[in-house]
Structure formats: structure tokens, C-alpha cells
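The block underneath contains the structure these notes are about, expressed in C-alpha cells.
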2 protein chains.
Amino acid sequence: MQKLQQLYEGKAKKVFATSDPDLIIQEFKDDATAFNGVKRGQIAEKGIVNNQLSCHLFRYLESFGIKTHFVEELSPREMLCKSLKIIKVEVVMRNIAAGSLVKRLGFTEGTELPYPIVELYLKDDALGDPLMNDMHAALLGLASPDELEFIKQQATKINSILKDYFLGKDLKLVDFKLEFGKHKDEILLGDEISPDTCRFWDKSTNKKLDKDRFRQDLGNVEDAYIEVRHRVMGV
Amino acid sequence: MQKLQQLYEGKAKKVFATSDPDLIIQEFKDDATAFNGVKRGQIAEKGIVNNQLSCHLFRYLESFGIKTHFVEELSPREMLCKSLKIIKVEVVMRNIAAGSLVKRLGFTEGTELPYPIVELYLKDDALGDPLMNDMHAALLGLASPDELEFIKQQATKINSILKDYFLGKDLKLVDFKLEFGKHKDEILLGDEISPDTCRFWDKSTNKKLDKDRFRQDLGNVEDAYIEVRHRVMGV
């Protein structure tokens with residue numbers, strides 16, 4: 001299996017073809033963006049931390065029967081994955097009010113939600129990834145109603161698994177974003193699971209240990225990513 | 001039954017108490033606002049047209065068993081209504097892509113939707129009436145899940161009834177907003193149904209005959225309102 005041409009460069013990752021048409025390589029960059037690309041920067045070692053954490057968490061989820069695109073950790077920044085036809089829906093799970101729940105809907109930051117909530121966003125940079133409801137997603141032909149239901153159920157399961165796991169590492173899983181895609185008619189969890197895509201707060205102090213440190217200029221961004229890796233993986 | 005003190009002044013209506021605590025009076029103004037109050041103006045006779053049309057349409061819906069707050073047309077600008085505890089959800093029904101479906105989600109204006117879609121917005125001027133999903137509405141305690149389901153069903157029924165009705169008047173009902181409230185534990189349709197709250201396009205030419213003429217500075221705003229009344233009520 002050989003690394004071939006670059007297929008795509010995103011905000012935080014590059015994707016490469018391989019000699020096996022069913023497999024691709026995700027290469028994690030240190031580039032950081034926020035507010036739909038308006039704010040840009042670098043977070044040293046972020047690509048390494050995010051790749052290592054994502055590999056670890058995909059393995060953990062697989063052990064619960066969650067099917068993911070993860071195949072193998074190739075190097076500190078490289079993950080071998082099953083190739084996916086990405087479903088253009090970002091699924092956000094929320095346990096504690098933060099981010100757009102505060103800004104758009106007026107929740108008080110830090111409010112523990114009585115039950116986890118699921119949100120769907122249209123994956124479209126030009127439109128700024130707008131919130132949508134189930135009917136919008138169906139109407140846009142992003143997924144069939146059954147597929148959408150499956151994705152929401154998977155996201156809810158993943159949240160249950162990860163919320164408890166992180167709490168055991170003294171981290172509150174505030175909210176996070178998931179992406180799914182199709183590989184040979186099977187829907188798999190794709191993308192990454194990292195402080196770029198999750199909000200993590202320290203269990204006791206509520207200190208933010210995720211990309212909000214970059215978004216909100218809170219400082220010690222690199223340390224936060226490394227702290228999460230240390231708590232989760234012990235390294 | 002006497003008209004008593006003003007209870008509330010909104011963007012397009014004033015609400016007055018009456019000597020009967022179960023009844024209020026809606027008085028329709030000529031004031032027009034758009035973009036959450038940023039654009040302001042007056043549309044001559046709008047209050048009269050909207051009151052007359054709303055009374056007419058509430059009567060029509062009642063004849064199909066839809067329960068509304070409408071009691072009686074008191075004067076050209078005044079409607080006697082059952083008092084409501086307003087449910088802070090704006091329900092939008094859409095048949096043809098326009099407005100936020102185009103701006104937020106990238107639909108092409110004028111696309112006929114394969115089936116009507118329902119959207120929920122948080123009725124909150126300070127937040128700009130943001131879109132929400134069913135879980136947000138439940139979480140905000142705006143209505144119980146059963147109440148929300150009932151409201152969505154009513155909105156869907158009302159759309160079926162009105163879409164056909166307007167088509168018989170050579171008007172396409174593109175989309176419209178409904179508000180509901182509780183009166184003695186019963187959920188009633190409230191507010192108004194008018195070119196302020198509906199998009200109407202001419203069946204043949206797609207000429208806009210609603211508040212979009214004001215929003216988009218298309219001219220002949222007054223004429224459009226009067227044209228809709230004429231087509232619907234013959235006056």
C-alpha cells in the first residue's frame with residue numbers, strides 16, 4: 001500500500017490516495033482556523049495530538065461495535081482510513097450549553113442539559129455550515145430518512161460511550177461534532193475526534209481544554225491539547 | 001364588552017384588554033418593519049387589509065375545524081380575540097423555496113418543494129428569531145413534545161387548506177408563519193394571516209404580492225396588499 005497523490009486539502013487535514021482504491025490517508029496539519037476560516041493560526045504539534053487521539057478514540061469506539069473509517073495509525077500525523085463518500089451533514093451532540101447554543105438560542109454557558117441533544121448542520125463552507133432540521137436534510141437529499149435516523153442514533157450512542165470515558169479522565173465532554181460517510185453501502189464514522197472537534201472542560205474547574213482557547217484567545221493552546229492527550233492516553 | 005388599557009404594542013399590532021378577562025382586542029397598525037426591525041416604514045391601509053384578510057381566513061379555517069383565537073371583527077382595524085398565553089415558537093410552513101431557505105441553505109428561489117416543510121423558530125426579537133430543531137424547543141421548555149407535535153400537525157393541516165384556497169384565487173402560497181397560544185388549556189391558532197406573514201406570488205407571473213415588496217424595495221407595496229384582498233375577498 002503506497003501513498004499516492006493528494007486528493008483534497010481541508011482546513012486541518014490533507015487527504016491522499018493510496019494504491020488501494022478502498023483506502024485513503026488522512027494527514028493531520030498544525031493549521032488552526034475558526035469562525036469559518038476568518039481566524040487563522042498554527043497550534044504546534046496539534047496535528048500529532050489530534051491524529052493520536054483520534055486513532056485511540058476510534059479504536060475505543062470500535063471496541064463497542066461502532067463502525068468507523070479507522071484502519072491503522074501509520075505515523076504520528078498519518079491515519080490510514082477506509083475511503084468514504086462523505087455525507088454532507090455535521091452532527092453535533094451536546095451535553096452542556098456552550099457555543100452556538102449560547103449565542104444563537106440564549107442558553108447560559110455551562111448549563112447541564114437534562115438530556116443530550118442532537119443537531120444537524122449542512123456541511124457547506126460557503127454557507128457557513130448552517131443549522132438545519134431533519135426535513136431540510138431530507139429535502140437537500142443529503143441522506144435518506146433511514147440513513148439520517150441511523151446517523152443520529154450512532155451519534156447518540158457515541159456520545160454515551162465517550163461522555164463516560166472522558167469523565168473517567170476528569171474531562172467533561174461538553175459537545176462535539178461528528179461526520180459520517182458511506183463505504184460500500186455501509187455508513188461509517190469518519191473525520192476525527194479531537195480538541196478541534198470536541199469541547200472538553202476540566203471536571204473540577206471547567207477550564208477549557210480545546211479549540212475554544214484558540215477561538216477566544218485564552219492562551220496556552222498547545223498545552224491544552226497536550227493535556228487532553230496526557231489525560232486520555234497517559235503520554 | 002369594553003376596550004380597556006393597552007397591554008402590549010408589537011411591530012404591527014397593538015393589543016388591548018377588554019372588560020372580559022378572556023378576550024382581548026388586536027388593533028392592526030400600518031407600521032411595517034423588516035430584518036428584525038432594522039428597516040422601518042409605513043404601508044398605507046395595511047392595518048385594515050391585514051385585519052380584514054385575517055378575519056376572513058380565520059373564519060375559513062374555523063369552517064374546517066381549525067381552532068383559532070378569532071371571535072369577531074369589531075372594526076376595520078380591530079379584531080376581538082380569545083386571550084392567549086403565546087407559545088414562543090414561530091412555525092413556518094414552506095411550499096416553494098424563498099427567503100431563508102435560499103439565503104441560509106442555498107436553495108434556488110422558486111424551487112417547488114416535493115412536500116411542504118415545517119420549521120420552528122424561537123420567538124425572540126433580541127436573538128433575531130433563530131431557527132431551532134424539535135429538541136431545542138423541548139429543551140427551552142417552550143412546549144411539551146405532545147404540544148409541539150400538535151402544533152406541527154395543525155400547521156400542516158392549515159397549509160393544505162390555505163394552499164388550495166389561495167390557488168383558487170390565482171395566488172401561490174409560497175410560505176407563511178403561524179403562531180399558537182393556549183387559552184384555557186386549549187391550543188389555538190393566534191396572531192394574523194396576511195401579506196405580512198405569508199409570501200404570495202401570482203400564479204402565472206410569480207409577481208410578489210406580499211411584504212417582500214417592502215423588504216426588497218420593489219415598489220407598489222400598498223397595491224400588492226390591496227390586490228391580495230381583492231383576489232381573496234372580492235373587495
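Here's how to read the names in the C-alpha cells: chain A, B, ... by the order shown, residue numbers from 1 in each chain, ligand numbers from 1 in the order shown.
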Item to complete: May I have the residues of chain A within 7 Å of chain B, counting only C-alpha atoms, written as a ChimeraX atom specification?
Response: /A:104-105,117,127,130,133,135
Item to complete: Considering only C-alpha atoms, return as a list in words whatever protein or nucleic-acid residues lie within 10 Å of Leu178 in chain B, sequence-local ones (same chain, fewer than 6 positions apart) excluded.
Response: Val89, Glu90, Val91, Val92, Met93, Leu120, Ile151, Gln154, Ala155, Ile158, Leu189, Gly190, Asp191, Glu192, Ile193, Thr197 and Cys198 of chain B
File of the preceding selection, N, CA, C and O atoms, as a CSV table (one decimal), in the first residue's frame:
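File result_26.csv, as written:
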```
chain,number,residue,atom,x,y,z
B,89,VAL,N,-42.9,30.0,19.9
B,89,VAL,CA,-42.4,29.3,18.8
B,89,VAL,C,-43.1,29.9,17.5
B,89,VAL,O,-44.3,30.0,17.5
B,90,GLU,N,-42.3,30.3,16.5
B,90,GLU,CA,-42.9,30.6,15.3
B,90,GLU,C,-42.8,29.4,14.3
B,90,GLU,O,-41.7,28.9,14.1
B,91,VAL,N,-44.0,29.0,13.8
B,91,VAL,CA,-44.0,27.8,12.9
B,91,VAL,C,-44.0,28.4,11.5
B,91,VAL,O,-44.9,29.1,11.2
B,92,VAL,N,-43.1,27.9,10.7
B,92,VAL,CA,-43.1,28.4,9.3
B,92,VAL,C,-43.3,27.1,8.4
B,92,VAL,O,-42.7,26.1,8.6
B,93,MET,N,-44.3,27.3,7.5
B,93,MET,CA,-44.6,26.2,6.5
B,93,MET,C,-44.1,26.7,5.2
B,93,MET,O,-44.3,27.9,4.8
B,120,LEU,N,-39.3,25.4,12.8
B,120,LEU,CA,-39.6,26.1,14.1
B,120,LEU,C,-38.6,27.2,14.4
B,120,LEU,O,-37.4,26.9,14.2
B,151,ILE,N,-49.0,21.2,17.3
B,151,ILE,CA,-48.8,22.5,16.6
B,151,ILE,C,-48.3,22.2,15.2
B,151,ILE,O,-48.8,22.8,14.3
B,154,GLN,N,-51.2,20.8,13.2
B,154,GLN,CA,-52.1,21.9,12.8
B,154,GLN,C,-51.6,22.7,11.7
B,154,GLN,O,-52.3,23.1,10.8
B,155,ALA,N,-50.3,23.1,11.8
B,155,ALA,CA,-49.7,23.9,10.8
B,155,ALA,C,-49.7,23.2,9.4
B,155,ALA,O,-50.0,23.9,8.4
B,158,ILE,N,-53.3,23.4,8.2
B,158,ILE,CA,-53.6,24.8,7.8
B,158,ILE,C,-53.0,25.0,6.4
B,158,ILE,O,-53.6,25.6,5.5
B,189,LEU,N,-54.8,28.7,17.2
B,189,LEU,CA,-54.0,29.5,16.2
B,189,LEU,C,-54.2,30.9,16.6
B,189,LEU,O,-55.4,31.4,16.8
B,190,GLY,N,-53.2,31.7,16.7
B,190,GLY,CA,-53.3,33.1,17.1
B,190,GLY,C,-52.8,34.0,16.0
B,190,GLY,O,-52.7,33.7,14.8
B,191,ASP,N,-52.4,35.2,16.4
B,191,ASP,CA,-51.7,36.2,15.5
B,191,ASP,C,-52.6,36.6,14.3
B,191,ASP,O,-53.7,37.0,14.5
B,192,GLU,N,-52.0,36.6,13.1
B,192,GLU,CA,-52.7,37.0,11.9
B,192,GLU,C,-52.3,36.1,10.7
B,192,GLU,O,-51.3,35.4,10.8
B,193,ILE,N,-53.0,36.2,9.7
B,193,ILE,CA,-52.6,35.6,8.4
B,193,ILE,C,-52.8,36.6,7.3
B,193,ILE,O,-54.0,37.0,7.0
B,197,THR,N,-47.3,38.1,6.9
B,197,THR,CA,-46.9,36.8,7.5
B,197,THR,C,-46.8,35.7,6.4
B,197,THR,O,-46.4,34.6,6.8
B,198,CYS,N,-47.3,36.0,5.2
B,198,CYS,CA,-47.3,35.0,4.1
B,198,CYS,C,-46.5,35.5,3.0
B,198,CYS,O,-46.5,36.7,2.7
```
Discussion item. Set the distance at 10 Å and use only C-alpha atoms: which residues neighbour Arg40 in chain A once local chain neighbours fewer than 4 positions away are removed? I'd like the list as number ranges by chain.
Written reply: A: 11, 31-36, 214-215
Would you export the selected residues with N, CA and C atoms as a compact mmCIF listing (two decimals), in the first residue's frame, please?
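Written out: again.txt:
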```
# COMPACT_ATOMS: atom_id res chain seq x y z
N LYS A 11 -9.11 22.32 6.07
CA LYS A 11 -8.57 23.32 6.99
C LYS A 11 -7.56 22.70 7.97
N ASP A 31 -2.32 23.54 11.25
CA ASP A 31 -3.12 24.74 10.95
C ASP A 31 -4.39 24.75 11.78
N ALA A 32 -4.71 25.93 12.28
CA ALA A 32 -5.95 26.10 13.04
C ALA A 32 -6.76 27.22 12.39
N THR A 33 -8.05 27.00 12.25
CA THR A 33 -8.94 28.06 11.75
C THR A 33 -10.16 28.11 12.66
N ALA A 34 -10.80 29.26 12.66
CA ALA A 34 -12.03 29.39 13.45
C ALA A 34 -12.93 30.39 12.75
N PHE A 35 -14.21 30.40 13.17
CA PHE A 35 -15.20 31.31 12.59
C PHE A 35 -15.23 31.17 11.07
N ASN A 36 -15.36 29.93 10.63
CA ASN A 36 -15.45 29.63 9.19
C ASN A 36 -14.26 30.19 8.41
N PHE A 214 -8.08 28.74 21.38
CA PHE A 214 -7.64 29.44 20.17
C PHE A 214 -8.70 30.46 19.72
N ARG A 215 -9.96 30.00 19.63
CA ARG A 215 -11.06 30.89 19.19
C ARG A 215 -11.14 32.13 20.07
```
Worksheet entry | Residues flagged strand (DSSP E) by DSSP in range 11-210 of chain B, as a VMD selection string | chain B and resid 13 to 18 23 to 28 31 to 34 39 to 42 70 to 75 78 to 82 85 to 96 112 to 122 131 to 132 171 to 183 186 to 189 198 to 202
Worksheet item: Which residue gives the smallest distance to Lys157 in chain A among A:Ala138, A:Leu61, A:Ile187, A:Ala12, with only C-alpha atoms counted?
Response: A:Leu61
Please identify all polymer residues within 9 Å of Glu186 in chain A, counting only C-alpha atoms, omitting same-chain residues fewer than 4 positions from it, and present them as a short mmCIF file (atom, residue, chain, number, x, y, z; two decimals) with C-alpha atoms, in the first residue's frame.
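Produced file part_19.cif, reproduced below:
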```cif
data_model
loop_
_atom_site.label_atom_id
_atom_site.label_comp_id
_atom_site.auth_asym_id
_atom_site.auth_seq_id
_atom_site.Cartn_x
_atom_site.Cartn_y
_atom_site.Cartn_z
CA LYS A 67 -18.07 1.17 12.83
CA GLY A 181 -19.73 8.71 5.19
CA LYS A 182 -20.53 5.71 3.09
#
```
Worksheet item: Expressed in Å to a single decimal, how great is the separation between CA of Asp212 in chain B and CA of Arg229 in chain B?
Response: 16.4 Å
Item to complete: For range 22-30 of chain A, work out the shell of residues within 6 Å, counting only C-alpha atoms and skipping chain neighbours fewer than 6 positions away, then give it as a PyMOL selection string.
Response: chain A and resi 12-16+42-44+46-47+77-83
Written file, previous selection with all heavy atoms, as a short mmCIF file (atom, residue, chain, number, x, y, z; two decimals), in the first residue's frame:
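What ended up in out_39.cif:
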```
data_model
loop_
_atom_site.label_atom_id
_atom_site.label_comp_id
_atom_site.auth_asym_id
_atom_site.auth_seq_id
_atom_site.Cartn_x
_atom_site.Cartn_y
_atom_site.Cartn_z
N ALA A 12 -7.76 21.46 8.34
CA ALA A 12 -6.91 20.84 9.35
C ALA A 12 -6.24 19.54 8.88
O ALA A 12 -5.41 18.99 9.60
CB ALA A 12 -7.73 20.56 10.62
N LYS A 13 -6.62 19.06 7.69
CA LYS A 13 -6.07 17.79 7.23
C LYS A 13 -5.88 17.80 5.72
O LYS A 13 -6.57 18.50 5.00
CB LYS A 13 -7.04 16.63 7.58
CG LYS A 13 -7.20 16.36 9.06
CD LYS A 13 -8.03 15.11 9.34
CE LYS A 13 -9.51 15.27 9.09
NZ LYS A 13 -10.22 16.15 10.01
N LYS A 14 -4.94 16.97 5.27
CA LYS A 14 -4.82 16.64 3.85
C LYS A 14 -5.24 15.19 3.67
O LYS A 14 -5.02 14.37 4.57
CB LYS A 14 -3.37 16.79 3.38
CG LYS A 14 -2.85 18.22 3.39
CD LYS A 14 -1.38 18.26 3.00
CE LYS A 14 -0.83 19.68 3.10
NZ LYS A 14 0.60 19.73 2.76
N VAL A 15 -5.80 14.89 2.53
CA VAL A 15 -6.22 13.52 2.25
C VAL A 15 -5.49 13.04 0.99
O VAL A 15 -5.46 13.75 -0.03
CB VAL A 15 -7.75 13.44 2.05
CG1 VAL A 15 -8.17 12.04 1.63
CG2 VAL A 15 -8.47 13.85 3.35
N PHE A 16 -4.89 11.86 1.09
CA PHE A 16 -4.12 11.29 -0.02
C PHE A 16 -4.72 9.97 -0.48
O PHE A 16 -5.22 9.18 0.34
CB PHE A 16 -2.67 11.04 0.42
CG PHE A 16 -1.93 12.30 0.72
CD1 PHE A 16 -1.97 12.86 2.00
CD2 PHE A 16 -1.18 12.95 -0.26
CE1 PHE A 16 -1.29 14.05 2.29
CE2 PHE A 16 -0.50 14.13 0.02
CZ PHE A 16 -0.55 14.68 1.30
N GLN A 42 -1.62 28.72 13.82
CA GLN A 42 -0.99 27.40 13.93
C GLN A 42 -0.98 27.01 15.40
O GLN A 42 -0.84 27.88 16.28
CB GLN A 42 0.47 27.49 13.45
CG GLN A 42 0.63 27.73 11.95
CD GLN A 42 1.04 26.47 11.22
OE1 GLN A 42 1.79 25.66 11.74
NE2 GLN A 42 0.52 26.31 10.01
N ILE A 43 -1.15 25.75 15.66
CA ILE A 43 -1.02 25.24 17.02
C ILE A 43 0.03 24.14 16.94
O ILE A 43 -0.21 23.09 16.30
CB ILE A 43 -2.37 24.70 17.54
CG1 ILE A 43 -3.45 25.81 17.54
CG2 ILE A 43 -2.21 24.11 18.94
CD1 ILE A 43 -4.86 25.33 17.84
N ALA A 44 1.21 24.39 17.56
CA ALA A 44 2.34 23.47 17.41
C ALA A 44 1.94 22.07 17.87
O ALA A 44 1.32 21.90 18.92
CB ALA A 44 3.53 23.98 18.23
N LYS A 46 -0.32 20.19 17.03
CA LYS A 46 -1.75 19.86 17.02
C LYS A 46 -2.05 18.65 16.14
O LYS A 46 -2.82 17.75 16.51
CB LYS A 46 -2.57 21.06 16.55
CG LYS A 46 -4.07 20.77 16.37
CD LYS A 46 -4.88 22.02 16.09
CE LYS A 46 -4.90 22.43 14.64
NZ LYS A 46 -5.84 21.65 13.81
N GLY A 47 -1.41 18.64 14.96
CA GLY A 47 -1.68 17.54 14.03
C GLY A 47 -1.34 16.19 14.64
O GLY A 47 -2.08 15.21 14.46
N ARG A 77 1.47 11.68 12.28
CA ARG A 77 0.48 12.57 11.66
C ARG A 77 -0.43 11.87 10.65
O ARG A 77 -1.26 12.51 10.03
CB ARG A 77 1.19 13.71 10.90
CG ARG A 77 1.84 14.73 11.78
CD ARG A 77 2.42 15.87 10.93
NE ARG A 77 3.14 16.79 11.80
CZ ARG A 77 2.57 17.81 12.43
NH1 ARG A 77 1.29 18.07 12.28
NH2 ARG A 77 3.30 18.60 13.22
N GLU A 78 -0.24 10.58 10.45
CA GLU A 78 -0.96 9.90 9.36
C GLU A 78 -1.84 8.75 9.85
O GLU A 78 -1.37 7.88 10.58
CB GLU A 78 0.04 9.33 8.34
CG GLU A 78 0.76 10.38 7.53
CD GLU A 78 1.83 9.75 6.66
OE1 GLU A 78 2.65 8.94 7.23
OE2 GLU A 78 1.86 10.01 5.45
N MET A 79 -3.08 8.78 9.36
CA MET A 79 -4.05 7.72 9.68
C MET A 79 -4.51 7.08 8.38
O MET A 79 -4.93 7.78 7.46
CB MET A 79 -5.25 8.34 10.39
CG MET A 79 -6.29 7.35 10.89
SD MET A 79 -7.86 8.16 11.38
CE MET A 79 -7.34 9.12 12.78
N LEU A 80 -4.40 5.75 8.32
CA LEU A 80 -4.94 5.02 7.17
C LEU A 80 -6.43 4.78 7.43
O LEU A 80 -6.81 4.32 8.51
CB LEU A 80 -4.20 3.69 7.00
CG LEU A 80 -4.60 2.85 5.79
CD1 LEU A 80 -4.23 3.56 4.48
CD2 LEU A 80 -3.95 1.46 5.85
N CYS A 81 -7.24 5.12 6.43
CA CYS A 81 -8.70 5.06 6.61
C CYS A 81 -9.35 4.40 5.41
O CYS A 81 -8.83 4.45 4.30
CB CYS A 81 -9.29 6.47 6.70
SG CYS A 81 -8.61 7.48 8.02
N LYS A 82 -10.54 3.85 5.65
CA LYS A 82 -11.39 3.43 4.53
C LYS A 82 -11.85 4.69 3.80
O LYS A 82 -12.18 5.70 4.44
CB LYS A 82 -12.58 2.64 5.04
CG LYS A 82 -12.18 1.30 5.63
CD LYS A 82 -13.38 0.55 6.16
CE LYS A 82 -12.91 -0.75 6.83
NZ LYS A 82 -13.94 -1.36 7.66
N SER A 83 -11.88 4.63 2.47
CA SER A 83 -12.35 5.81 1.72
C SER A 83 -13.85 5.95 1.91
O SER A 83 -14.59 4.96 1.96
CB SER A 83 -12.02 5.65 0.24
OG SER A 83 -12.73 4.56 -0.28
#
```
Fill in: Selection near Leu4 in chain A, 8 Å with only C-alpha atoms, sequence-local residues under 5 positions removed, as number ranges by chain
A: 16-19
Could the residues in this selection be written to a file with all heavy atoms, as a short mmCIF file (atom, residue, chain, number, x, y, z; two decimals), in the first residue's frame?
```cif
data_model
loop_
_atom_site.label_atom_id
_atom_site.label_comp_id
_atom_site.auth_asym_id
_atom_site.auth_seq_id
_atom_site.Cartn_x
_atom_site.Cartn_y
_atom_site.Cartn_z
N PHE A 16 -4.89 11.86 1.09
CA PHE A 16 -4.12 11.29 -0.02
C PHE A 16 -4.72 9.97 -0.48
O PHE A 16 -5.22 9.18 0.34
CB PHE A 16 -2.67 11.04 0.42
CG PHE A 16 -1.93 12.30 0.72
CD1 PHE A 16 -1.97 12.86 2.00
CD2 PHE A 16 -1.18 12.95 -0.26
CE1 PHE A 16 -1.29 14.05 2.29
CE2 PHE A 16 -0.50 14.13 0.02
CZ PHE A 16 -0.55 14.68 1.30
N ALA A 17 -4.63 9.74 -1.78
CA ALA A 17 -4.99 8.43 -2.33
C ALA A 17 -3.90 7.43 -1.94
O ALA A 17 -2.78 7.81 -1.56
CB ALA A 17 -5.10 8.51 -3.85
N THR A 18 -4.24 6.16 -2.05
CA THR A 18 -3.24 5.10 -1.86
C THR A 18 -3.34 4.15 -3.05
O THR A 18 -4.26 4.26 -3.87
CB THR A 18 -3.48 4.29 -0.56
OG1 THR A 18 -4.65 3.49 -0.74
CG2 THR A 18 -3.65 5.19 0.64
N SER A 19 -2.46 3.20 -3.08
CA SER A 19 -2.50 2.22 -4.18
C SER A 19 -3.72 1.30 -4.07
O SER A 19 -4.07 0.61 -5.01
CB SER A 19 -1.21 1.40 -4.19
OG SER A 19 -0.93 0.92 -2.89
#
```
Item to complete: List every residue of range 58-108 of chain A that DSSP, applied to the backbone of this structure, places in alpha helix (DSSP H), and write the result as number ranges by chain.
Response: A: 58-62, 100-103
Worksheet item: If you count only C-alpha atoms, which residues fall within 7 Å of Thr68 in chain A, apart from same-chain ones fewer than 2 positions away, as a PyMOL selection string?
Response: chain A and resi 58+62+66+70+188-190
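As for CA of His69 in chain A and CA of Glu227 in chain A, they are spaced 25.8 Å apart.
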